[in-house]
Amino acid sequence: MTSPATHWIEAREAQTINDKIMAPLLARKSWRNWWIATAIAAIFAILFLLCIALVFTVGIGLLGNNTTIVWGTPLANYVWWIGIGNAGTLISALLLITRQKWRSSINRSAETMTLIAVAIAGLFPIIHLGRPLYFLWLMPYPNSMGLWPQWRSALIWDFWAILSYLLFSIIFWYVGLIPDLATVRDTATTPWRSKLFGAFALGWRNSALHWKVQQRFMLTMAGLAVPLVCSVHSIVGLDFAASLMPGWEEGIFPPYFVVGAMYSGFAMVVVLIAGVRWGFGFQSFMTKNHFDVIGKIMLMGAWVMGITYAVEWFGAWYGGDDTERAFTAFEFVGHYWPLYWLMLACNVFIPQLFWWKRFRVSIPLIVVISILVNVGMWDERLLIVWNTLSHGYLASMWSVFWPTLTDWGLMFGSLGFFAFLYLIYCRIIPTSTMYEVRELAHDAAGER
Amino acid sequence: MNVLLAEFGSPEALIAAVHAARRRNLEVVDAFTPFPVKELAPLLPEIDRGQRLVMLAGGLLIGGLCYLLEWWTATIAYPFNSGGRPLHSWPVFFLFPFEFGVLAAGVVGLVLLLFKTGLPRPHHPIFECDLYARSNVDAFLLAVKAPAGAQDLEAARAFLVAQGAAATRGVEL
């Protein structure tokens with residue numbers, strides 16, 4: 001079921017749409033708010049790089065990891081970022097396959113979010129390795145030691161999943177971007193801009209023959225992307241589920257991780273497009289109806305998450321294993337109980353506000369709820385690591401994780417790094433797919 | 001090739017002109033549009049045939065090679081007892097070939113896309129035409145093969161104008 005194009009766009013003139021979307025790239029304005037935001041993000045980005053440099057030079061003793069909780073925050077951050085990263089391509093591809101017209105204004109933002117988030121996610125396992133220089137050993141290459149990768153290790157699955165997904169997403173993103181780069185090339189008034197965008201546009205000339213090939217390719221890639229994304233985050237779920245720890249060895253983990261990824265990804269998309277919409281004045285094609293429909297999807301996500309948590313509790317009780325039952329009790333009343341209740345509040349209860357339309361179409365409200373969902377999802381990933389490792393089979397090994405300043409620095413630093421790269425992207429690449437928005441405007445004009 | 005470019009204001013007008021041109025035995029070479037016009041695709045020469053099959057073949061081939069690499073390294077080049085699990089642990093050996101095979105299908109598709117479109121080609125004669133720039137905005141350009149004689153050319157031009165073309169240009173593509 002699709003709504004009419006008029007539901008998703010107020011602008012009608014193709015020239016206005018082009019001018020609006022290319023303004024952040026080409027218009028001579030002061031962009032004061034952008035500079036302020038970028039400067040703040042840069043401070044955190046520097047913090048992130050400093051923390052990485054510290055961990056690489058001093059060692060992982062700087063993190064709160066101990067002999068019991070060996071994974072700590074880097075792995076939680078990894079799962080959280082890869083979740084956000086998975087969602088962008090998933091959202092874009094799913095909406096393309098289902099021919100949702102509202103995709104056009106938000107898909108570029110979602111896909112770019114993917115690229116940046118996956119790149120950041122890929123850093124965390126390396127930060128956590130302790131011997132980062134050996135991460136190359138994950139690659140199968142003939143070497144003088146006669147070593148080959150251990151294909152039965154979840155670390156190897158992760159490496160290939162992330163690498164394949166990142167490169168695949170770059171191709172999907174870039175081929176969708178080429179026509180827009182050509183439009184910038186043909187519109188730019190400064191020769192260096194024309195040349196630069198021209199180089200990346202590969203000489204695209206809006207030829208109908210080319211559109212035909214490009215469109216078929218994009219649709220095929222979207223068809224491939226959906227199973228790829230599901231498999232990538234399922235593999236992340238298997239990192240845990242393939243182990244023998246209470247709270248982890250659950251068959252529900254792969255789908256639970258995939259839905260969680262989509263859920264947190266949509267929440268991040270809301271925050272990003274609300275920022276872009278406000279900052280660049282894209283209200284005429286990033287309408288409140290977009291937020292309305294995303295709010296509904298997030299509501300569904302909240303229910304799936306809630307049901308998944310309930311299945312975990314039910315499994316622990318019904319399975320009859322004392323350790324699993326004790327573990328579930330530990331989740332509710334153990335060391336980290338405030339975090340667990342916060343997670344339930346942010347991921348399940350607060351998003352129930354989306355039953356009311358005013359919470360979905362009020363931009364400040366949906367942004368606040370989305371931020372809370374992201375807090376909840378980060379909290380969830382943290383607890384997946386902390387709870388299980390703190391309360392394993394051997395009672396003498398039980399311990400508590402206390403994050404250090406470096407842990408916090410890496411966490412908030414990575415957020416700043418993400419924001420920094422995203423803000424840069426906003427000024428060098430069209431943030432909405434211009435040709436799709438033009439098509440939407442044309443359809444809307446025809447419906448009137 | 002000498003072509004006659006005609007500018008139309010909407011995809012509907014462009015498609016009507018394509019049908020009319022075909023009826024008049026004018027060879028439709030290409031069109032230049034601000035967005036993909038789905039109804040136009042079947043009316044143009046097939047250059048995207050077999051795209052998906054080649055992608056599938058590429059993905060399967062590379063995926064198969066990945067599996068072969070896993071099998072060879074795990075059982076012959078570097079046999080390693082990991083918790084008593086079989087050296088050839090086929091259930092988990094599908095993960096890497098699947099991920100990398102999908103990526104390979106994408107890469108093959110990209111290479112094919114570049115091959116079929118002839119890109120990258122930084123410059124093209126169409127860029128010199130003054131009508132071209134609007135194809136990024138709201139102009140729908142039809143390119144038909146220009147008839148050889150001057151009289152036929154003028155007749156074709158008049159025909160395109162009669163179909164609603166706002167402007168026409170002769171271009172060497």
# chains A, B, ... in the order shown; residues from 1 in each chain; ligands from 1
>>> closest_atom_pairs(of="chain A", to="chain B", cutoff="6 Å", atoms="only C-alpha atoms", output="JSON lines")
{"residue": "A:Ala14", "atom": "CA", "partner": "B:Val137", "partner_atom": "CA", "distance": 5.5}
{"residue": "A:Gln15", "atom": "CA", "partner": "B:Val137", "partner_atom": "CA", "distance": 5.8}
{"residue": "A:Ala161", "atom": "CA", "partner": "B:Glu99", "partner_atom": "CA", "distance": 5.8}
{"residue": "A:Ser164", "atom": "CA", "partner": "B:Leu103", "partner_atom": "CA", "distance": 5.5}
{"residue": "A:Phe168", "atom": "CA", "partner": "B:Leu103", "partner_atom": "CA", "distance": 5.4}
{"residue": "A:Thr183", "atom": "CA", "partner": "B:Asn136", "partner_atom": "CA", "distance": 5.7}
{"residue": "A:Leu202", "atom": "CA", "partner": "B:Pro120", "partner_atom": "CA", "distance": 4.3}
{"residue": "A:Gly203", "atom": "CA", "partner": "B:Pro122", "partner_atom": "CA", "distance": 4.2}
{"residue": "A:Asn206", "atom": "CA", "partner": "B:Phe32", "partner_atom": "CA", "distance": 5.0}
{"residue": "A:Ser207", "atom": "CA", "partner": "B:Phe32", "partner_atom": "CA", "distance": 4.5}
{"residue": "A:Ala208", "atom": "CA", "partner": "B:Ala31", "partner_atom": "CA", "distance": 5.1}
{"residue": "A:His210", "atom": "CA", "partner": "B:Thr117", "partner_atom": "CA", "distance": 5.7}
{"residue": "A:Trp211", "atom": "CA", "partner": "B:Pro36", "partner_atom": "CA", "distance": 5.5}
{"residue": "A:Val213", "atom": "CA", "partner": "B:Asp48", "partner_atom": "CA", "distance": 5.4}
{"residue": "A:Tyr435", "atom": "CA", "partner": "B:Phe35", "partner_atom": "CA", "distance": 5.1}
>>> write_last_selection(atoms="C-alpha atoms", output="PDB file, in the first residue's frame")
ATOM      1  CA  ALA A  14      12.262  20.759 -10.095  1.00  0.00           C
ATOM      2  CA  GLN A  15      14.451  23.862 -10.115  1.00  0.00           C
ATOM      3  CA  ALA A 161      30.570  -9.774   7.190  1.00  0.00           C
ATOM      4  CA  SER A 164      31.624  -7.334   2.530  1.00  0.00           C
ATOM      5  CA  PHE A 168      28.659  -3.512  -0.881  1.00  0.00           C
ATOM      6  CA  THR A 183      23.692  17.526 -11.676  1.00  0.00           C
ATOM      7  CA  LEU A 202      32.072   9.538 -14.436  1.00  0.00           C
ATOM      8  CA  GLY A 203      30.516  11.512 -17.313  1.00  0.00           C
ATOM      9  CA  ASN A 206      21.054  11.523 -17.944  1.00  0.00           C
ATOM     10  CA  SER A 207      20.784   9.160 -20.875  1.00  0.00           C
ATOM     11  CA  ALA A 208      17.629   7.050 -20.767  1.00  0.00           C
ATOM     12  CA  HIS A 210      21.954   4.630 -18.751  1.00  0.00           C
ATOM     13  CA  TRP A 211      18.987   5.166 -16.435  1.00  0.00           C
ATOM     14  CA  VAL A 213      20.897  -0.007 -16.599  1.00  0.00           C
ATOM     15  CA  TYR A 435      16.468  12.776  -9.202  1.00  0.00           C
TER      16      TYR A 435
END
>>> select_by_dssp(residues="segment 1-150 of chain B", states="strand (DSSP E)", output="JSON, numbers by chain")
{"B": [2, 3, 4, 5, 6, 7, 8, 28, 29, 30, 31, 32, 140, 141, 142, 143, 144, 145]}
>>> write_last_selection(atoms="C-alpha atoms", output="short mmCIF file (atom, residue, chain, number, x, y, z; two decimals), in the first residue's frame")
data_model
loop_
_atom_site.label_atom_id
_atom_site.label_comp_id
_atom_site.auth_asym_id
_atom_site.auth_seq_id
_atom_site.Cartn_x
_atom_site.Cartn_y
_atom_site.Cartn_z
CA ASN B 2 24.13 13.06 -36.40
CA VAL B 3 21.08 13.31 -34.22
CA LEU B 4 18.22 15.66 -33.83
CA LEU B 5 17.50 16.65 -30.24
CA ALA B 6 14.00 17.76 -29.31
CA GLU B 7 13.06 19.22 -25.94
CA PHE B 8 9.78 18.27 -24.29
CA VAL B 28 14.94 6.81 -31.70
CA VAL B 29 18.55 6.78 -30.51
CA ASP B 30 18.27 7.84 -26.90
CA ALA B 31 16.61 10.28 -24.54
CA PHE B 32 17.96 12.51 -21.78
CA PHE B 140 13.01 15.78 -21.44
CA LEU B 141 15.18 15.47 -24.52
CA LEU B 142 14.51 13.05 -27.32
CA ALA B 143 17.35 12.09 -29.66
CA VAL B 144 16.38 10.72 -33.07
CA LYS B 145 18.76 9.86 -35.87
#
>>> select_by_dssp(residues="segment 35-168 of chain B", states="alpha helix (DSSP H)", output="ChimeraX atom specification")
/B:51-72,90-93,95-117,150-162
>>> closest_residue(among="A:Ile297, A:Gly72, A:Pro140, A:Gly130", to="Cys66 of chain B", atoms="only C-alpha atoms")
A:Pro140
>>> closest_residue(among="A:Lys212, A:Gly85, A:Leu96, A:Phe412", to="Leu43 of chain B", atoms="only C-alpha atoms")
A:Lys212
>>> atom_distance(atom1="atom CA of Ser194 of chain A", atom2="atom CA of Thr112 of chain A")
22.4 Å
>>> residues_around(residues="Leu299 of chain A", least_positions_apart="5", cutoff="9 Å", atoms="only C-alpha atoms", output="NGL selection string")
:A and (294 or 304 or 348 or 351-355)
>>> residues_around(residues="Trp356 of chain A", least_positions_apart="6", cutoff="12 Å", atoms="only C-alpha atoms", output="list in words")
Asp292, Gly295, Lys296, Leu299, Ile350, Ser362, Leu365 and Ile366 of chain A
>>> residues_around(residues="segment 28-34 of chain A", least_positions_apart="3", cutoff="10 Å", atoms="only C-alpha atoms", output="PyMOL selection string")
chain A and resi 23-25+37-40+279-280+423-424+426-427
>>> closest_residue(among="A:Phe257, A:Trp341, A:Tyr393, A:Phe285", to="Arg381 of chain A", atoms="only C-alpha atoms")
A:Phe257
>>> closest_residue(among="A:Val258, A:Leu90, A:Ala441, A:Val269", to="Leu238 of chain A", atoms="only C-alpha atoms")
A:Val258
>>> atom_distance(atom1="atom CA of Met434 of chain A", atom2="atom CA of Gly164 of chain B")
26.3 Å
>>> closest_residue(among="B:Leu65, B:Val54, B:Leu26, B:Leu173", to="Asp152 of chain B", atoms="only C-alpha atoms")
B:Leu26
>>> atom_distance(atom1="atom CA of Phe115 of chain B", atom2="atom CA of Trp173 of chain A")
18.9 Å
>>> residues_around(residues="Asp180 of chain A", least_positions_apart="4", cutoff="9 Å", atoms="only C-alpha atoms", output="ChimeraX atom specification")
/A:176,184-185,201,429-430,433-435 /B:136
>>> write_last_selection(atoms="N, CA, C and O atoms", output="PDB file, in the first residue's frame")
ATOM      1  N   GLY A 176      23.886   5.049  -6.759  1.00  0.00           N
ATOM      2  CA  GLY A 176      22.709   5.892  -6.587  1.00  0.00           C
ATOM      3  C   GLY A 176      23.048   7.370  -6.588  1.00  0.00           C
ATOM      4  O   GLY A 176      22.185   8.220  -6.812  1.00  0.00           O
ATOM      5  N   VAL A 184      25.258  18.263  -9.979  1.00  0.00           N
ATOM      6  CA  VAL A 184      26.107  19.271  -9.326  1.00  0.00           C
ATOM      7  C   VAL A 184      27.171  19.744 -10.315  1.00  0.00           C
ATOM      8  O   VAL A 184      27.445  20.947 -10.431  1.00  0.00           O
ATOM      9  N   ARG A 185      27.755  18.807 -11.047  1.00  0.00           N
ATOM     10  CA  ARG A 185      28.768  19.153 -12.058  1.00  0.00           C
ATOM     11  C   ARG A 185      28.213  20.173 -13.052  1.00  0.00           C
ATOM     12  O   ARG A 185      28.870  21.168 -13.377  1.00  0.00           O
ATOM     13  N   ALA A 201      31.357  11.954 -11.175  1.00  0.00           N
ATOM     14  CA  ALA A 201      30.108  11.647 -11.907  1.00  0.00           C
ATOM     15  C   ALA A 201      30.382  10.709 -13.073  1.00  0.00           C
ATOM     16  O   ALA A 201      29.442  10.202 -13.692  1.00  0.00           O
ATOM     17  N   ILE A 429      28.111  16.529  -0.372  1.00  0.00           N
ATOM     18  CA  ILE A 429      27.317  15.582  -1.177  1.00  0.00           C
ATOM     19  C   ILE A 429      25.839  15.935  -1.000  1.00  0.00           C
ATOM     20  O   ILE A 429      25.422  16.260   0.120  1.00  0.00           O
ATOM     21  N   PRO A 430      25.050  15.868  -2.082  1.00  0.00           N
ATOM     22  CA  PRO A 430      23.611  16.166  -1.926  1.00  0.00           C
ATOM     23  C   PRO A 430      22.973  15.208  -0.915  1.00  0.00           C
ATOM     24  O   PRO A 430      23.091  13.984  -1.073  1.00  0.00           O
ATOM     25  N   THR A 433      18.266  12.376  -2.533  1.00  0.00           N
ATOM     26  CA  THR A 433      18.452  11.914  -3.909  1.00  0.00           C
ATOM     27  C   THR A 433      17.649  12.833  -4.842  1.00  0.00           C
ATOM     28  O   THR A 433      16.433  12.700  -4.951  1.00  0.00           O
ATOM     29  N   MET A 434      18.354  13.751  -5.481  1.00  0.00           N
ATOM     30  CA  MET A 434      17.677  14.794  -6.247  1.00  0.00           C
ATOM     31  C   MET A 434      16.781  14.234  -7.331  1.00  0.00           C
ATOM     32  O   MET A 434      15.659  14.686  -7.519  1.00  0.00           O
ATOM     33  N   TYR A 435      17.289  13.244  -8.081  1.00  0.00           N
ATOM     34  CA  TYR A 435      16.468  12.776  -9.202  1.00  0.00           C
ATOM     35  C   TYR A 435      15.203  12.076  -8.728  1.00  0.00           C
ATOM     36  O   TYR A 435      14.164  12.164  -9.367  1.00  0.00           O
TER      37      TYR A 435
ATOM     38  N   ASN B 136      18.865  18.170 -16.382  1.00  0.00           N
ATOM     39  CA  ASN B 136      19.066  17.945 -14.955  1.00  0.00           C
ATOM     40  C   ASN B 136      17.902  18.489 -14.145  1.00  0.00           C
ATOM     41  O   ASN B 136      17.862  18.339 -12.932  1.00  0.00           O
TER      42      ASN B 136
END
>>> residues_around(residues="Ser169 of chain A", least_positions_apart="2", cutoff="12 Å", atoms="only C-alpha atoms", output="ChimeraX atom specification")
/A:85-90,92-93,108,110-119,161-167,171-176,218,221-222,224-226,228-229 /B:102-103,106-107
>>> decode(residues="segment 251-288 of chain A", atoms="N, CA and C atoms", output="tab-separated table (two decimals), in the first residue's frame")
chain	number	residue	atom	x	y	z
A	251	GLY	N	18.75	-19.20	20.49
A	251	GLY	CA	18.48	-19.21	19.05
A	251	GLY	C	17.84	-17.94	18.56
A	252	ILE	N	17.23	-17.18	19.47
A	252	ILE	CA	16.52	-15.97	19.05
A	252	ILE	C	17.48	-14.81	18.75
A	253	PHE	N	18.74	-14.97	19.14
A	253	PHE	CA	19.68	-13.85	19.01
A	253	PHE	C	19.79	-13.26	17.59
A	254	PRO	N	20.00	-14.09	16.54
A	254	PRO	CA	20.16	-13.47	15.21
A	254	PRO	C	18.98	-12.59	14.80
A	255	PRO	N	17.72	-13.08	14.82
A	255	PRO	CA	16.62	-12.17	14.42
A	255	PRO	C	16.45	-11.01	15.39
A	256	TYR	N	16.71	-11.27	16.66
A	256	TYR	CA	16.59	-10.23	17.69
A	256	TYR	C	17.59	-9.10	17.38
A	257	PHE	N	18.78	-9.47	16.96
A	257	PHE	CA	19.79	-8.47	16.62
A	257	PHE	C	19.40	-7.70	15.37
A	258	VAL	N	18.83	-8.41	14.39
A	258	VAL	CA	18.47	-7.73	13.13
A	258	VAL	C	17.38	-6.70	13.38
A	259	VAL	N	16.35	-7.08	14.15
A	259	VAL	CA	15.28	-6.12	14.43
A	259	VAL	C	15.81	-4.97	15.28
A	260	GLY	N	16.67	-5.29	16.24
A	260	GLY	CA	17.26	-4.24	17.07
A	260	GLY	C	18.05	-3.25	16.22
A	261	ALA	N	18.74	-3.78	15.22
A	261	ALA	CA	19.52	-2.92	14.33
A	261	ALA	C	18.61	-1.99	13.57
A	262	MET	N	17.54	-2.53	13.01
A	262	MET	CA	16.60	-1.71	12.25
A	262	MET	C	15.97	-0.64	13.14
A	263	TYR	N	15.67	-1.05	14.35
A	263	TYR	CA	15.02	-0.17	15.32
A	263	TYR	C	15.94	1.01	15.67
A	264	SER	N	17.17	0.70	16.06
A	264	SER	CA	18.08	1.79	16.45
A	264	SER	C	18.45	2.61	15.22
A	265	GLY	N	18.51	1.96	14.05
A	265	GLY	CA	18.84	2.68	12.82
A	265	GLY	C	17.77	3.69	12.47
A	266	PHE	N	16.52	3.29	12.57
A	266	PHE	CA	15.43	4.24	12.29
A	266	PHE	C	15.49	5.41	13.27
A	267	ALA	N	15.79	5.09	14.53
A	267	ALA	CA	15.89	6.15	15.53
A	267	ALA	C	16.99	7.14	15.15
A	268	MET	N	18.12	6.61	14.67
A	268	MET	CA	19.21	7.50	14.27
A	268	MET	C	18.83	8.28	13.02
A	269	VAL	N	18.13	7.64	12.09
A	269	VAL	CA	17.70	8.34	10.88
A	269	VAL	C	16.81	9.53	11.25
A	270	VAL	N	15.92	9.34	12.22
A	270	VAL	CA	15.05	10.43	12.66
A	270	VAL	C	15.89	11.61	13.13
A	271	VAL	N	16.89	11.33	13.96
A	271	VAL	CA	17.72	12.41	14.50
A	271	VAL	C	18.45	13.12	13.35
A	272	LEU	N	19.00	12.33	12.43
A	272	LEU	CA	19.78	12.92	11.34
A	272	LEU	C	18.91	13.73	10.39
A	273	ILE	N	17.77	13.18	9.97
A	273	ILE	CA	16.97	13.94	9.00
A	273	ILE	C	16.29	15.14	9.65
A	274	ALA	N	16.03	15.03	10.96
A	274	ALA	CA	15.47	16.20	11.64
A	274	ALA	C	16.51	17.33	11.62
A	275	GLY	N	17.78	16.97	11.84
A	275	GLY	CA	18.85	17.96	11.81
A	275	GLY	C	19.03	18.56	10.44
A	276	VAL	N	19.06	17.72	9.43
A	276	VAL	CA	19.25	18.18	8.04
A	276	VAL	C	18.06	19.04	7.62
A	277	ARG	N	16.88	18.59	7.97
A	277	ARG	CA	15.65	19.31	7.61
A	277	ARG	C	15.64	20.71	8.20
A	278	TRP	N	16.01	20.78	9.46
A	278	TRP	CA	16.01	22.07	10.16
A	278	TRP	C	17.18	22.94	9.65
A	279	GLY	N	18.34	22.33	9.54
A	279	GLY	CA	19.54	23.09	9.19
A	279	GLY	C	19.51	23.64	7.77
A	280	PHE	N	18.99	22.87	6.84
A	280	PHE	CA	19.03	23.29	5.44
A	280	PHE	C	17.65	23.66	4.88
A	281	GLY	N	16.63	23.64	5.72
A	281	GLY	CA	15.30	24.06	5.26
A	281	GLY	C	14.68	23.11	4.25
A	282	PHE	N	14.75	21.81	4.54
A	282	PHE	CA	14.20	20.81	3.60
A	282	PHE	C	12.75	20.41	3.94
A	283	GLN	N	12.03	21.32	4.61
A	283	GLN	CA	10.69	20.95	5.08
A	283	GLN	C	9.75	20.55	3.95
A	284	SER	N	10.00	21.07	2.74
A	284	SER	CA	9.03	20.82	1.67
A	284	SER	C	9.12	19.41	1.11
A	285	PHE	N	10.20	18.69	1.37
A	285	PHE	CA	10.23	17.30	0.92
A	285	PHE	C	10.65	16.31	2.01
A	286	MET	N	10.97	16.83	3.20
A	286	MET	CA	11.09	15.93	4.37
A	286	MET	C	9.94	16.35	5.28
A	287	THR	N	8.77	15.82	4.98
A	287	THR	CA	7.56	16.33	5.62
A	287	THR	C	7.31	15.64	6.96
A	288	LYS	N	6.34	16.17	7.67
A	288	LYS	CA	5.97	15.53	8.95
A	288	LYS	C	5.42	14.13	8.70
